[in-house]
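Data block for upload.txt (compact mmCIF, C-alpha atoms):
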```
# COMPACT_ATOMS: atom_id res chain seq x y z
CA MET A 1 -57.32 65.66 17.94
CA ASN A 2 -60.35 63.48 18.29
CA GLN A 3 -61.17 63.27 21.97
CA LYS A 4 -63.67 60.48 21.57
CA SER A 5 -61.39 58.00 19.88
CA ASN A 6 -60.26 54.99 21.80
CA LYS A 7 -56.64 55.46 20.80
CA LEU A 8 -54.13 56.70 23.31
CA GLN A 9 -53.23 60.34 22.73
CA VAL A 10 -50.02 61.98 23.85
CA LYS A 11 -51.75 63.36 26.89
CA ASP A 12 -52.84 59.90 27.95
CA LEU A 13 -49.36 58.55 27.44
CA VAL A 14 -47.88 61.32 29.56
CA THR A 15 -50.44 60.66 32.27
CA ILE A 16 -49.63 56.97 32.25
CA GLY A 17 -45.93 57.73 32.51
CA ILE A 18 -46.34 59.99 35.50
CA PHE A 19 -48.66 57.60 37.29
CA SER A 20 -46.25 54.74 36.71
CA ALA A 21 -43.54 56.81 38.34
CA ILE A 22 -45.70 57.43 41.38
CA TYR A 23 -46.74 53.80 41.55
CA PHE A 24 -43.14 52.69 41.42
CA VAL A 25 -42.05 55.14 44.09
CA ILE A 26 -44.79 53.95 46.43
CA ASN A 27 -43.72 50.38 45.75
CA LEU A 28 -40.18 51.29 46.64
CA VAL A 29 -41.19 53.09 49.83
CA VAL A 30 -43.25 50.13 51.00
CA MET A 31 -40.39 47.80 50.23
CA ILE A 32 -37.77 49.83 52.05
CA SER A 33 -39.91 50.67 55.06
CA GLY A 34 -40.86 47.03 55.28
CA GLY A 35 -37.22 46.45 56.00
CA ILE A 36 -35.19 43.66 54.62
CA THR A 37 -37.07 40.90 56.36
CA PRO A 38 -38.06 38.37 53.74
CA LEU A 39 -41.27 37.71 55.61
CA LEU A 40 -42.44 41.18 54.70
CA TRP A 41 -41.18 40.67 51.20
CA ILE A 42 -43.62 37.80 50.90
CA PHE A 43 -46.48 39.94 52.09
CA MET A 44 -45.56 42.94 50.02
CA PRO A 45 -48.09 42.28 47.24
CA PRO A 46 -51.10 42.37 49.61
CA ILE A 47 -49.84 45.54 51.29
CA LEU A 48 -49.27 47.21 47.96
CA SER A 49 -52.67 46.22 46.68
CA LEU A 50 -54.15 47.93 49.71
CA VAL A 51 -52.17 51.13 49.32
CA CYS A 52 -52.10 51.67 45.59
CA GLY A 53 -55.82 51.54 44.94
CA VAL A 54 -56.17 55.28 44.63
CA ILE A 55 -53.48 55.52 41.98
CA TYR A 56 -55.07 52.85 39.84
CA MET A 57 -58.56 54.26 40.27
CA LEU A 58 -57.47 57.75 39.29
CA LEU A 59 -55.57 56.42 36.29
CA VAL A 60 -58.48 54.41 34.93
CA ALA A 61 -60.79 57.35 35.58
CA LYS A 62 -58.54 59.70 33.65
CA VAL A 63 -57.54 57.40 30.83
CA GLN A 64 -60.59 55.40 29.84
CA LYS A 65 -58.91 53.69 26.95
CA THR A 66 -57.41 50.38 26.01
CA GLY A 67 -53.83 49.81 27.02
CA ALA A 68 -53.44 52.24 29.89
CA VAL A 69 -53.10 49.57 32.54
CA LEU A 70 -50.96 47.36 30.36
CA ILE A 71 -48.45 50.12 29.68
CA MET A 72 -48.29 51.06 33.34
CA GLY A 73 -47.69 47.48 34.40
CA LEU A 74 -45.04 46.92 31.76
CA ILE A 75 -43.17 50.09 32.69
CA THR A 76 -43.18 49.19 36.36
CA GLY A 77 -41.99 45.69 35.53
CA ILE A 78 -39.25 46.97 33.24
CA ILE A 79 -37.94 49.38 35.85
CA TYR A 80 -37.98 46.64 38.46
CA VAL A 81 -36.01 44.34 36.22
CA ALA A 82 -33.64 47.12 35.19
CA THR A 83 -32.80 47.95 38.77
CA GLY A 84 -32.04 44.28 39.26
CA GLN A 85 -34.45 43.72 42.05
CA PHE A 86 -36.17 40.74 40.58
CA THR A 87 -36.03 38.19 37.89
CA LEU A 88 -37.86 38.27 34.61
CA VAL A 89 -40.64 36.33 36.33
CA LEU A 90 -42.00 39.64 37.52
CA LEU A 91 -42.24 41.01 34.00
CA VAL A 92 -44.20 37.96 32.88
CA THR A 93 -46.65 38.05 35.77
CA PHE A 94 -47.13 41.77 35.37
CA GLY A 95 -47.80 41.33 31.68
CA LEU A 96 -50.34 38.55 32.26
CA ALA A 97 -52.10 40.35 35.11
CA CYS A 98 -52.37 43.53 33.10
CA ILE A 99 -53.72 41.74 30.05
CA VAL A 100 -56.45 40.17 32.20
CA ALA A 101 -57.19 43.58 33.72
CA GLU A 102 -57.40 45.10 30.24
CA ILE A 103 -59.82 42.42 29.09
CA ILE A 104 -62.03 43.01 32.11
CA ARG A 105 -62.00 46.74 31.51
CA LYS A 106 -62.88 46.18 27.89
CA ILE A 107 -65.80 43.89 28.67
CA THR A 108 -67.30 46.00 31.43
CA GLY A 109 -66.81 49.28 29.63
CA TYR A 110 -64.26 51.68 30.92
CA ASN A 111 -66.50 53.71 33.14
CA ASN A 112 -67.85 50.89 35.26
CA PHE A 113 -66.72 50.95 38.88
CA LYS A 114 -67.25 47.25 39.50
CA GLY A 115 -65.31 46.36 36.40
CA ASN A 116 -62.49 48.66 37.42
CA LEU A 117 -62.44 47.12 40.87
CA LEU A 118 -62.18 43.61 39.47
CA GLY A 119 -59.54 44.81 37.04
CA TYR A 120 -57.56 46.30 39.88
CA ALA A 121 -57.70 43.01 41.78
CA PHE A 122 -56.11 41.26 38.82
CA PHE A 123 -53.63 44.07 38.27
CA SER A 124 -52.49 43.69 41.88
CA LEU A 125 -51.79 40.03 41.30
CA GLY A 126 -48.97 41.16 39.02
CA MET A 127 -46.87 42.01 42.05
CA VAL A 128 -47.06 38.39 43.15
CA GLY A 129 -44.28 37.75 40.67
CA SER A 130 -41.83 39.44 42.99
CA PRO A 131 -41.57 36.77 45.67
CA LEU A 132 -42.68 34.00 43.32
CA PRO A 133 -39.14 32.73 42.57
CA ILE A 134 -39.01 31.40 46.14
CA TRP A 135 -41.53 28.78 45.11
CA LEU A 136 -40.60 28.41 41.49
CA PHE A 137 -36.91 27.77 41.91
CA ARG A 138 -36.76 26.82 45.54
CA ASP A 139 -33.82 24.45 45.32
CA SER A 140 -31.46 26.56 43.28
CA PHE A 141 -32.58 29.67 45.11
CA SER A 142 -31.73 28.38 48.58
CA GLN A 143 -28.57 26.72 47.38
CA GLN A 144 -27.44 30.00 45.89
CA MET A 145 -28.17 31.87 49.08
CA VAL A 146 -26.15 29.41 51.14
CA THR A 147 -23.14 29.57 48.85
CA GLN A 148 -23.25 33.32 49.02
CA GLY A 149 -22.85 33.30 52.74
CA MET A 150 -26.34 33.27 54.18
CA PRO A 151 -26.46 31.18 57.32
CA ALA A 152 -27.82 27.76 56.43
CA ASP A 153 -30.28 27.64 59.31
CA TYR A 154 -31.72 30.95 58.21
CA VAL A 155 -32.38 29.59 54.74
CA ALA A 156 -33.90 26.51 56.31
CA THR A 157 -36.24 28.66 58.42
CA MET A 158 -37.24 30.58 55.37
CA ASN A 159 -37.98 27.44 53.48
CA ALA A 160 -39.98 26.12 56.40
CA ALA A 161 -41.92 29.37 56.62
CA THR A 162 -42.91 29.29 52.98
CA PRO A 163 -44.84 26.14 52.15
CA VAL A 164 -47.13 26.25 49.15
CA ARG A 165 -50.14 27.20 51.22
CA VAL A 166 -48.43 30.47 52.14
CA LEU A 167 -48.34 31.21 48.44
CA VAL A 168 -52.05 30.52 48.23
CA VAL A 169 -52.72 32.72 51.24
CA MET A 170 -50.65 35.47 49.70
CA VAL A 171 -52.44 35.34 46.39
CA VAL A 172 -55.86 35.29 48.01
CA ALA A 173 -54.90 38.08 50.40
CA THR A 174 -53.64 40.18 47.52
CA PHE A 175 -56.81 39.62 45.60
CA LEU A 176 -59.13 40.44 48.52
CA LEU A 177 -57.17 43.39 49.82
CA ALA A 178 -57.21 44.79 46.31
CA PHE A 179 -60.97 45.16 46.65
CA VAL A 180 -60.49 47.02 49.93
CA GLY A 181 -57.79 49.15 48.36
CA GLY A 182 -59.98 49.85 45.37
CA LEU A 183 -62.86 50.94 47.60
CA ILE A 184 -60.51 53.20 49.57
CA GLY A 185 -59.29 54.60 46.29
CA LYS A 186 -62.84 55.24 45.17
CA ALA A 187 -63.62 56.99 48.46
CA LEU A 188 -60.55 59.19 48.15
CA LEU A 189 -61.47 59.96 44.57
CA LYS A 190 -64.88 61.11 45.68
CA LYS A 191 -63.52 63.05 48.62
CA HIS A 192 -60.77 64.93 46.83
CA PHE A 193 -60.74 64.66 43.09
CA GLU A 194 -64.36 64.70 42.03
CA LYS A 195 -64.97 67.76 44.17
CA ALA A 196 -62.10 69.52 42.48
CA GLY A 197 -63.50 68.50 39.13
CA MET A 198 -60.40 66.61 38.10
CA VAL A 199 -61.98 63.37 37.04
CA MET B 1 -26.32 65.36 32.80
CA ASN B 2 -23.22 66.08 30.78
CA GLU B 3 -23.92 66.25 27.09
CA THR B 4 -20.40 65.93 25.80
CA ASN B 5 -18.37 63.39 27.60
CA SER B 6 -14.91 64.10 26.34
CA LYS B 7 -12.92 61.88 28.65
CA GLY B 8 -13.03 58.15 28.32
CA ILE B 9 -14.71 55.90 25.79
CA ARG B 10 -18.37 56.18 25.05
CA LEU B 11 -20.71 53.25 24.74
CA ASP B 12 -23.82 53.00 22.65
CA PRO B 13 -26.91 53.23 24.89
CA ARG B 14 -28.12 49.98 23.40
CA THR B 15 -24.99 48.25 24.64
CA GLU B 16 -25.61 49.62 28.10
CA LEU B 17 -29.18 48.34 28.07
CA LEU B 18 -28.04 44.92 26.91
CA LEU B 19 -25.40 44.90 29.61
CA LEU B 20 -28.12 45.64 32.14
CA ILE B 21 -30.03 42.57 31.01
CA ILE B 22 -26.87 40.49 31.04
CA ALA B 23 -26.05 41.66 34.54
CA ASN B 24 -29.52 40.67 35.62
CA VAL B 25 -29.13 37.19 34.23
CA VAL B 26 -25.68 36.78 35.71
CA ALA B 27 -26.74 38.05 39.12
CA PHE B 28 -29.44 35.42 39.31
CA THR B 29 -27.50 32.47 38.01
CA TYR B 30 -24.02 32.60 39.48
CA SER B 31 -23.26 30.90 42.70
CA ALA B 32 -19.48 30.81 42.73
CA GLN B 33 -17.91 33.55 44.75
CA TRP B 34 -15.18 34.46 42.24
CA ILE B 35 -17.67 35.31 39.50
CA GLU B 36 -19.18 37.98 41.67
CA PHE B 37 -15.79 39.51 42.36
CA ALA B 38 -14.89 39.34 38.69
CA VAL B 39 -18.16 40.99 37.64
CA ILE B 40 -17.68 43.83 40.11
CA GLY B 41 -14.05 44.24 39.07
CA ILE B 42 -14.83 44.37 35.36
CA LEU B 43 -17.70 46.77 35.85
CA ALA B 44 -15.49 49.06 37.91
CA LEU B 45 -12.96 48.94 35.10
CA LEU B 46 -15.69 49.82 32.64
CA LEU B 47 -16.78 52.75 34.78
CA ILE B 48 -13.20 53.99 34.93
CA CYS B 49 -12.81 53.62 31.16
CA CYS B 50 -15.94 55.68 30.64
CA GLY B 51 -14.55 58.44 32.79
CA CYS B 52 -16.48 57.90 36.00
CA ILE B 53 -13.41 57.28 38.15
CA LYS B 54 -14.93 58.70 41.31
CA SER B 55 -18.08 56.62 41.24
CA ALA B 56 -16.07 53.51 40.38
CA LEU B 57 -13.98 54.00 43.51
CA LYS B 58 -17.09 54.65 45.54
CA TRP B 59 -18.70 51.37 44.43
CA ILE B 60 -15.52 49.39 45.06
CA VAL B 61 -15.09 50.78 48.56
CA PHE B 62 -18.74 50.09 49.34
CA PHE B 63 -18.44 46.56 48.02
CA ILE B 64 -15.28 45.85 50.02
CA CYS B 65 -17.02 47.14 53.13
CA LEU B 66 -19.94 44.76 52.59
CA VAL B 67 -17.66 41.79 52.00
CA GLY B 68 -15.61 42.79 55.03
CA ILE B 69 -18.71 42.94 57.18
CA GLN B 70 -19.78 39.54 55.97
CA TYR B 71 -16.50 37.77 56.67
CA TYR B 72 -15.10 39.60 59.68
CA VAL B 73 -17.95 41.22 61.57
CA ILE B 74 -20.80 38.75 61.19
CA PRO B 75 -19.04 35.73 62.78
CA ILE B 76 -18.67 37.62 66.06
CA LEU B 77 -22.19 39.04 66.21
CA PRO B 78 -25.08 37.57 68.21
CA LYS B 79 -27.46 35.39 66.27
CA ILE B 80 -30.37 37.78 65.74
CA LEU B 81 -28.10 40.45 64.32
CA VAL B 82 -26.43 37.84 62.14
CA ILE B 83 -29.63 37.19 60.26
CA MET B 84 -30.39 40.86 59.76
CA PHE B 85 -26.93 41.75 58.60
CA SER B 86 -26.40 38.81 56.33
CA VAL B 87 -29.69 39.41 54.57
CA LEU B 88 -28.61 42.99 54.10
CA THR B 89 -25.17 42.21 52.77
CA VAL B 90 -26.19 39.34 50.54
CA TYR B 91 -29.16 41.09 48.97
CA ILE B 92 -27.43 44.38 48.40
CA ARG B 93 -24.45 42.63 46.86
CA LYS B 94 -26.81 40.89 44.50
CA LEU B 95 -28.06 44.24 43.31
CA PHE B 96 -24.55 45.59 42.82
CA PRO B 97 -23.92 44.75 39.16
CA CYS B 98 -27.22 46.26 38.06
CA LEU B 99 -26.77 49.30 40.25
CA MET B 100 -23.32 49.91 38.79
CA ILE B 101 -24.57 49.73 35.22
CA GLY B 102 -27.48 51.92 36.17
CA ALA B 103 -25.04 54.49 37.52
CA LEU B 104 -23.08 54.25 34.28
CA ILE B 105 -26.20 54.90 32.21
CA LEU B 106 -27.23 57.83 34.37
CA LYS B 107 -23.77 59.37 34.27
CA THR B 108 -22.99 58.98 30.59
CA THR B 109 -26.27 58.83 28.70
CA PRO B 110 -28.84 61.60 28.47
CA VAL B 111 -32.42 60.38 28.34
CA ARG B 112 -32.82 61.48 24.74
CA PHE B 113 -30.03 59.15 23.61
CA LEU B 114 -31.84 56.37 25.39
CA ILE B 115 -35.01 57.29 23.52
CA ILE B 116 -33.17 57.25 20.20
CA SER B 117 -31.75 53.84 20.84
CA LEU B 118 -35.13 52.46 21.91
CA ARG B 119 -36.57 53.89 18.71
CA LYS B 120 -33.90 52.09 16.74
CA TRP B 121 -35.05 48.85 18.32
CA HIS B 122 -38.53 49.61 16.92
CA ILE B 123 -40.13 49.75 20.33
CA PRO B 124 -43.54 51.35 19.76
CA GLN B 125 -43.85 55.05 20.42
CA LYS B 126 -46.67 54.30 22.85
CA MET B 127 -44.16 52.57 25.10
CA ILE B 128 -41.29 55.01 24.66
CA ILE B 129 -43.19 58.16 25.61
CA PRO B 130 -44.52 56.91 28.96
CA LEU B 131 -41.22 55.24 29.78
CA SER B 132 -39.19 58.39 29.24
CA ILE B 133 -41.73 60.43 31.17
CA THR B 134 -41.52 57.96 34.04
CA LEU B 135 -37.75 58.15 34.14
CA ARG B 136 -37.80 61.92 34.16
CA TYR B 137 -40.54 62.22 36.71
CA PHE B 138 -38.65 60.53 39.56
CA PRO B 139 -36.65 63.64 40.52
CA ALA B 140 -39.85 65.67 40.36
CA ILE B 141 -41.50 63.32 42.84
CA LYS B 142 -38.64 63.82 45.24
CA GLU B 143 -39.03 67.58 45.07
CA GLU B 144 -42.79 67.33 45.36
CA GLN B 145 -42.42 65.16 48.44
CA ARG B 146 -40.27 67.78 50.11
CA HIS B 147 -42.88 70.46 49.54
CA ILE B 148 -45.66 68.23 50.79
CA ARG B 149 -43.73 67.36 53.90
CA ASP B 150 -43.13 71.02 54.63
CA ALA B 151 -46.80 71.77 54.19
CA MET B 152 -47.74 68.88 56.44
CA LYS B 153 -45.57 70.21 59.22
CA LEU B 154 -47.74 73.29 59.37
CA ARG B 155 -50.81 71.25 60.11
CA LYS B 156 -51.17 68.70 62.84
CA ILE B 157 -51.67 65.46 61.01
CA ARG B 158 -51.80 62.33 63.10
CA GLY B 159 -52.27 58.70 62.35
CA PHE B 160 -50.68 56.57 59.70
CA SER B 161 -53.54 56.33 57.24
CA ARG B 162 -54.29 60.05 57.50
CA LYS B 163 -50.62 60.79 56.86
CA LEU B 164 -50.59 58.50 53.87
CA GLU B 165 -53.67 60.18 52.48
CA CYS B 166 -52.11 63.60 52.95
CA MET B 167 -49.01 62.41 51.12
CA VAL B 168 -50.55 60.63 48.20
CA VAL B 169 -53.45 62.90 47.33
CA PRO B 170 -51.47 66.12 46.76
CA MET B 171 -48.93 64.13 44.80
CA LEU B 172 -51.61 62.80 42.49
CA MET B 173 -53.18 66.25 42.25
CA SER B 174 -50.01 67.85 41.07
CA ALA B 175 -49.31 64.86 38.85
CA THR B 176 -52.51 65.42 36.90
CA GLY B 177 -51.57 69.07 36.48
CA THR B 178 -48.09 68.21 35.35
CA ALA B 179 -49.46 65.71 32.86
CA ASP B 180 -51.48 68.44 31.17
CA GLU B 181 -48.52 70.81 31.01
CA LEU B 182 -46.07 68.22 29.77
CA SER B 183 -48.35 66.96 27.05
CA ALA B 184 -49.05 70.51 25.88
CA ALA B 185 -45.31 71.14 25.72
CA ALA B 186 -44.72 67.91 23.84
CA ILE B 187 -47.48 68.56 21.33
CA THR B 188 -46.23 72.04 20.52
CA ARG B 189 -42.88 70.47 19.76
CA GLY B 190 -44.48 68.17 17.29
CA ILE B 191 -44.51 64.84 19.06
CA GLU B 192 -47.66 63.83 17.24
CA ASN B 193 -46.08 64.22 13.84
CA PRO B 194 -46.51 60.81 12.25
CA ILE B 195 -43.39 61.08 10.10
CA GLU B 196 -40.44 59.03 11.22
CA LYS B 197 -38.24 61.04 13.53
CA THR B 198 -34.73 61.88 12.47
CA CYS B 199 -31.84 62.47 14.74
CA ILE B 200 -28.67 64.52 14.59
CA VAL B 201 -26.68 62.12 16.73
CA ASP B 202 -25.26 59.13 14.98
CA LEU B 203 -25.52 56.15 17.27
CA ARG B 204 -23.62 53.13 16.12
CA PHE B 205 -21.97 50.06 17.56
CA HIS B 206 -18.20 50.44 17.83
CA ILE B 207 -15.47 48.04 18.76
CA GLN B 208 -15.84 48.81 22.48
CA ASP B 209 -19.51 47.86 22.34
CA TYR B 210 -18.73 44.48 20.84
CA ILE B 211 -16.02 43.87 23.41
CA CYS B 212 -18.39 44.65 26.28
CA LEU B 213 -21.10 42.38 24.92
CA ILE B 214 -18.68 39.52 24.34
CA VAL B 215 -17.36 39.82 27.89
CA GLY B 216 -20.96 39.83 29.12
CA CYS B 217 -21.73 36.63 27.22
CA ILE B 218 -18.63 34.98 28.64
CA PHE B 219 -19.91 35.81 32.13
CA ILE B 220 -23.31 34.31 31.42
CA ILE B 221 -21.69 31.09 30.27
CA ALA B 222 -19.30 31.04 33.20
CA ALA B 223 -22.12 31.64 35.66
CA ASN B 224 -24.09 28.76 34.24
CA ILE B 225 -21.20 26.29 34.09
CA THR B 226 -19.77 26.73 37.57
CA TYR B 227 -22.59 25.42 39.62
```
Just dump the structure as structure tokens.
Amino acid sequence: MNQKSNKLQVKDLVTIGIFSAIYFVINLVVMISGGITPLLWIFMPPILSLVCGVIYMLLVAKVQKTGAVLIMGLITGIIYVATGQFTLVLLVTFGLACIVAEIIRKITGYNNFKGNLLGYAFFSLGMVGSPLPIWLFRDSFSQQMVTQGMPADYVATMNAATPVRVLVVMVVATFLLAFVGGLIGKALLKKHFEKAGMV
Amino acid sequence: MNETNSKGIRLDPRTELLLLIIANVVAFTYSAQWIEFAVIGILALLLICCGCIKSALKWIVFFICLVGIQYYVIPILPKILVIMFSVLTVYIRKLFPCLMIGALILKTTPVRFLIISLRKWHIPQKMIIPLSITLRYFPAIKEEQRHIRDAMKLRKIRGFSRKLECMVVPMLMSATGTADELSAAAITRGIENPIEKTCIVDLRFHIQDYICLIVGCIFIIAANITY
């Protein structure tokens, strides 16, 4: 086994798999503890980008190779779609966000903290795909909710609460909080993992 | 996970995966009420045919409860509760078809069959390995979480962020350890062998697979027409 090669070895693949599982579980916990209020659903991506920084930072520290982030994002997206939570929109946004993150990692070299931070900010944007259908298919979405028995005034409130600028705010918040999350992740890495010699 | 499922018909894992995708599409396109009922009914039938009678009954009872709540309880509730409950019932019911198929896959298909079928679709090995690890690691996380919570009770840990740190860090610690062990185990079993893997199980599409897929397609069309 050539340790220096840039190809993903079995060990890297296993690491990615396990980290994806943890990432997904944390996603799920945030979603459930956020309750079923759609308002929190809209602000889930920023919250997640704040919380999940440490996972991403540890992953990119352990697997400094092309494709790690992409595979993790795709797996998370596939599981989301498979459990029927979201539409295929999520898979597309995850794919795009991860490709951008991969490119940034490639350009900055894999061991560069600033590059990883920027990559994480883009990776976090992948989660934006989860509430995105509200804006993309607003008409059919709200019509469907009404026919399925949601109170019409509730749908109206939701539509009123989600103009396009909320989308912008959400995206920007996700992006900025990702930097905070990444810094927290870096701090935790230094506090716990580097001391233990795991990175 | 039962390896030999003697009772009931057995579906190809690929069919089940395709059904999952179909259910996803249907769940996000239908708006007529009867399609939802029909989907749930057919899926329950499928579960029964595959030998999961108990879980089929469980899903049906749960579904009827949700519908009952929506039509008989919600109209008499105060307004704030109405919103909470209707979001709950509507969203969970939307997840139902996928959850039912997910239950079917978990009950009837071992992970290795799933891997074989993904391999037959020529999904790259680099995707299959992490995906199967992810699927198998979920129960481990649950166990891990229990241990961590027990350990946290011994110490006085206050504050949300401190708690979060004390949850996540040990989990990641043990995850890195597990990754080393698992990859060592996989390598000793020859996962890096570049030769194409063979398999003792013969997975093939049978008549029941085609029937399921055709029914699924009919539902997609129906969901799109009845707007």
_Spatial neighbours of Phe24 of chain A, max dist 12 Å, all atoms listed in the file, sep filter under 5 positions, as a PyMOL selection string_ = (chain A and resi 17-19+29-31+48+52+55+72-80+83+127) or (chain B and resi 134-135+137-138+141)
First collect every listed atom of segment 194-207 of chain B; then fit an axis-aligned box around them, widen it by 4 Å on each side, and give centre and edge lengths in Å to one decimal, as AutoDock Vina command-line options.
```
--center_x -31.0 --center_y 56.3 --center_z 14.4 --size_x 39.0 --size_y 24.5 --size_z 16.7
```
*Which residue gives the smallest distance to chain A among B:Leu18, B:Ala140, B:Cys98, B:Ala223, with only C-alpha atoms counted?*
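The closest residue to chain A is B:Cys98.
You can rank A:Val14, A:Leu50, A:Val164, A:Ala61 by their closest distance to Ala179 of chain B using only C-alpha atoms, and at the top of that list sits A:Val14.
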*So which one's closest to Lys126 of chain B, A:Thr174, A:Thr108, A:Ser124, A:Gln9? Using all atoms listed in the file, please.*
A:Gln9
*Name all residues at most 10 Å from Leu114 of chain B (count only C-alpha atoms; drop same-chain ones fewer than 6 positions away) and give them as a list of chain:residue names.*
B:Asp12, B:Pro13, B:Arg14, B:Glu16, B:Leu17, B:Ile105, B:Lys120, B:Ile128, B:Ser132
*Residues within 10 Å of (-56.3, 67.5, 37.9), counting all atoms listed in the file, listed as a list in words*: Leu58, Lys62, Phe193, Glu194, Ala196, Gly197, Met198 and Val199 of chain A; Leu172, Met173, Ser174, Ala175, Thr176, Gly177, Thr178, Ala179 and Asp180 of chain B
Residue contacts of Thr89 of chain B (9 Å, only C-alpha atoms) excluding same-chain residues fewer than 6 positions away, as an mmCIF file with C-alpha atoms, in the frame of the given file:
```
data_model
loop_
_atom_site.group_PDB
_atom_site.id
_atom_site.type_symbol
_atom_site.label_atom_id
_atom_site.label_comp_id
_atom_site.auth_asym_id
_atom_site.auth_seq_id
_atom_site.Cartn_x
_atom_site.Cartn_y
_atom_site.Cartn_z
ATOM 1 C CA LEU B 66 -19.940 44.760 52.590
ATOM 2 C CA VAL B 67 -17.660 41.790 52.000
ATOM 3 C CA ILE B 69 -18.710 42.940 57.180
ATOM 4 C CA GLN B 70 -19.780 39.540 55.970
#
```
*Write out as a PyMOL selection string which residues come within 8 Å of Gly119 of chain A when counting only C-alpha atoms, dropping same-chain ones fewer than 6 positions away.*
chain A and resi 100-102+104-105
_Atom pair atom CA of Leu183 of chain A / atom CA of Leu164 of chain B: separation (Å)_ =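 Separation of atom CA of Leu183 of chain A and atom CA of Leu164 of chain B: 15.7 Å.
Residues having any atom no farther than 12 Å from (-35.5, 25.0, 47.4) (counting only C-alpha atoms) are Pro133, Ile134, Trp135, Leu136, Phe137, Arg138, Asp139, Ser140, Phe141, Ser142, Gln143, Gln144, Met145, Val146, Val155, Ala156, Thr157, Met158, Asn159, Ala160, Thr162, Pro163 and Val164 of chain A.
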_Show me, as a list in words, the residues that have an atom within 8 Å of segment 189-205 of chain B when counting all atoms listed in the file, minus same-chain residues fewer than 5 positions from it._
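Near segment 189-205 of chain B, the qualifying residues are Val10 of chain A; Leu11, Asp12, Thr15, Ile116, Ser117 and Tyr210 of chain B.
For the pair atom CA of Ala27 of chain B and atom CA of Cys50 of chain B, the interatomic distance is 22.3 Å.
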*Separation of atom CA of Leu13 of chain A from atom CA of Pro130 of chain B in Å*: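 So the two atoms, atom CA of Pro130 of chain B and atom CA of Leu13 of chain A, lie 5.3 Å apart.
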*Of the candidates B:Ile92, B:Ile129, B:Leu213, B:Met100, which one gets nearest to Gly41 of chain B if we count only C-alpha atoms?*
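Checking each of B:Ile92, B:Ile129, B:Leu213, B:Met100 against Gly41 of chain B, counting only C-alpha atoms, the winner is B:Met100.
Proximity of A:Leu96, A:Leu188, A:Val180, A:Leu91 to chain B, computed with only C-alpha atoms, is greatest for A:Leu188.
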*Looking at all atoms listed in the file, which of B:Thr188, B:Ile225, B:Leu43, B:Val168 is the one that sits closest to Met152 of chain B?*
B:Val168
Please reconstruct the missing atoms of segment 101-112 of chain A (target: N, CA and C atoms) and return them as a short mmCIF file (atom, residue, chain, number, x, y, z; two decimals), in the coordinates of the input.
```
data_model
loop_
_atom_site.label_atom_id
_atom_site.label_comp_id
_atom_site.auth_asym_id
_atom_site.auth_seq_id
_atom_site.Cartn_x
_atom_site.Cartn_y
_atom_site.Cartn_z
N ALA A 101 -56.52 42.35 33.28
CA ALA A 101 -57.19 43.58 33.72
C ALA A 101 -57.73 44.35 32.52
N GLU A 102 -56.95 44.39 31.44
CA GLU A 102 -57.40 45.10 30.24
C GLU A 102 -58.66 44.46 29.67
N ILE A 103 -58.65 43.12 29.64
CA ILE A 103 -59.82 42.42 29.09
C ILE A 103 -61.06 42.74 29.92
N ILE A 104 -60.88 42.72 31.26
CA ILE A 104 -62.03 43.01 32.11
C ILE A 104 -62.53 44.42 31.88
N ARG A 105 -61.58 45.36 31.76
CA ARG A 105 -62.00 46.74 31.51
C ARG A 105 -62.74 46.85 30.19
N LYS A 106 -62.26 46.10 29.22
CA LYS A 106 -62.88 46.18 27.89
C LYS A 106 -64.31 45.64 27.94
N ILE A 107 -64.48 44.51 28.64
CA ILE A 107 -65.80 43.89 28.67
C ILE A 107 -66.79 44.75 29.43
N THR A 108 -66.35 45.28 30.59
CA THR A 108 -67.30 46.00 31.43
C THR A 108 -67.47 47.44 31.00
N GLY A 109 -66.76 47.86 29.98
CA GLY A 109 -66.81 49.28 29.63
C GLY A 109 -65.90 50.01 30.57
N TYR A 110 -65.34 51.11 30.13
CA TYR A 110 -64.26 51.68 30.92
C TYR A 110 -64.73 52.52 32.07
N ASN A 111 -66.04 52.80 32.11
CA ASN A 111 -66.50 53.71 33.14
C ASN A 111 -67.26 52.99 34.25
N ASN A 112 -67.08 51.69 34.32
CA ASN A 112 -67.85 50.89 35.26
C ASN A 112 -67.02 50.64 36.51
#
```
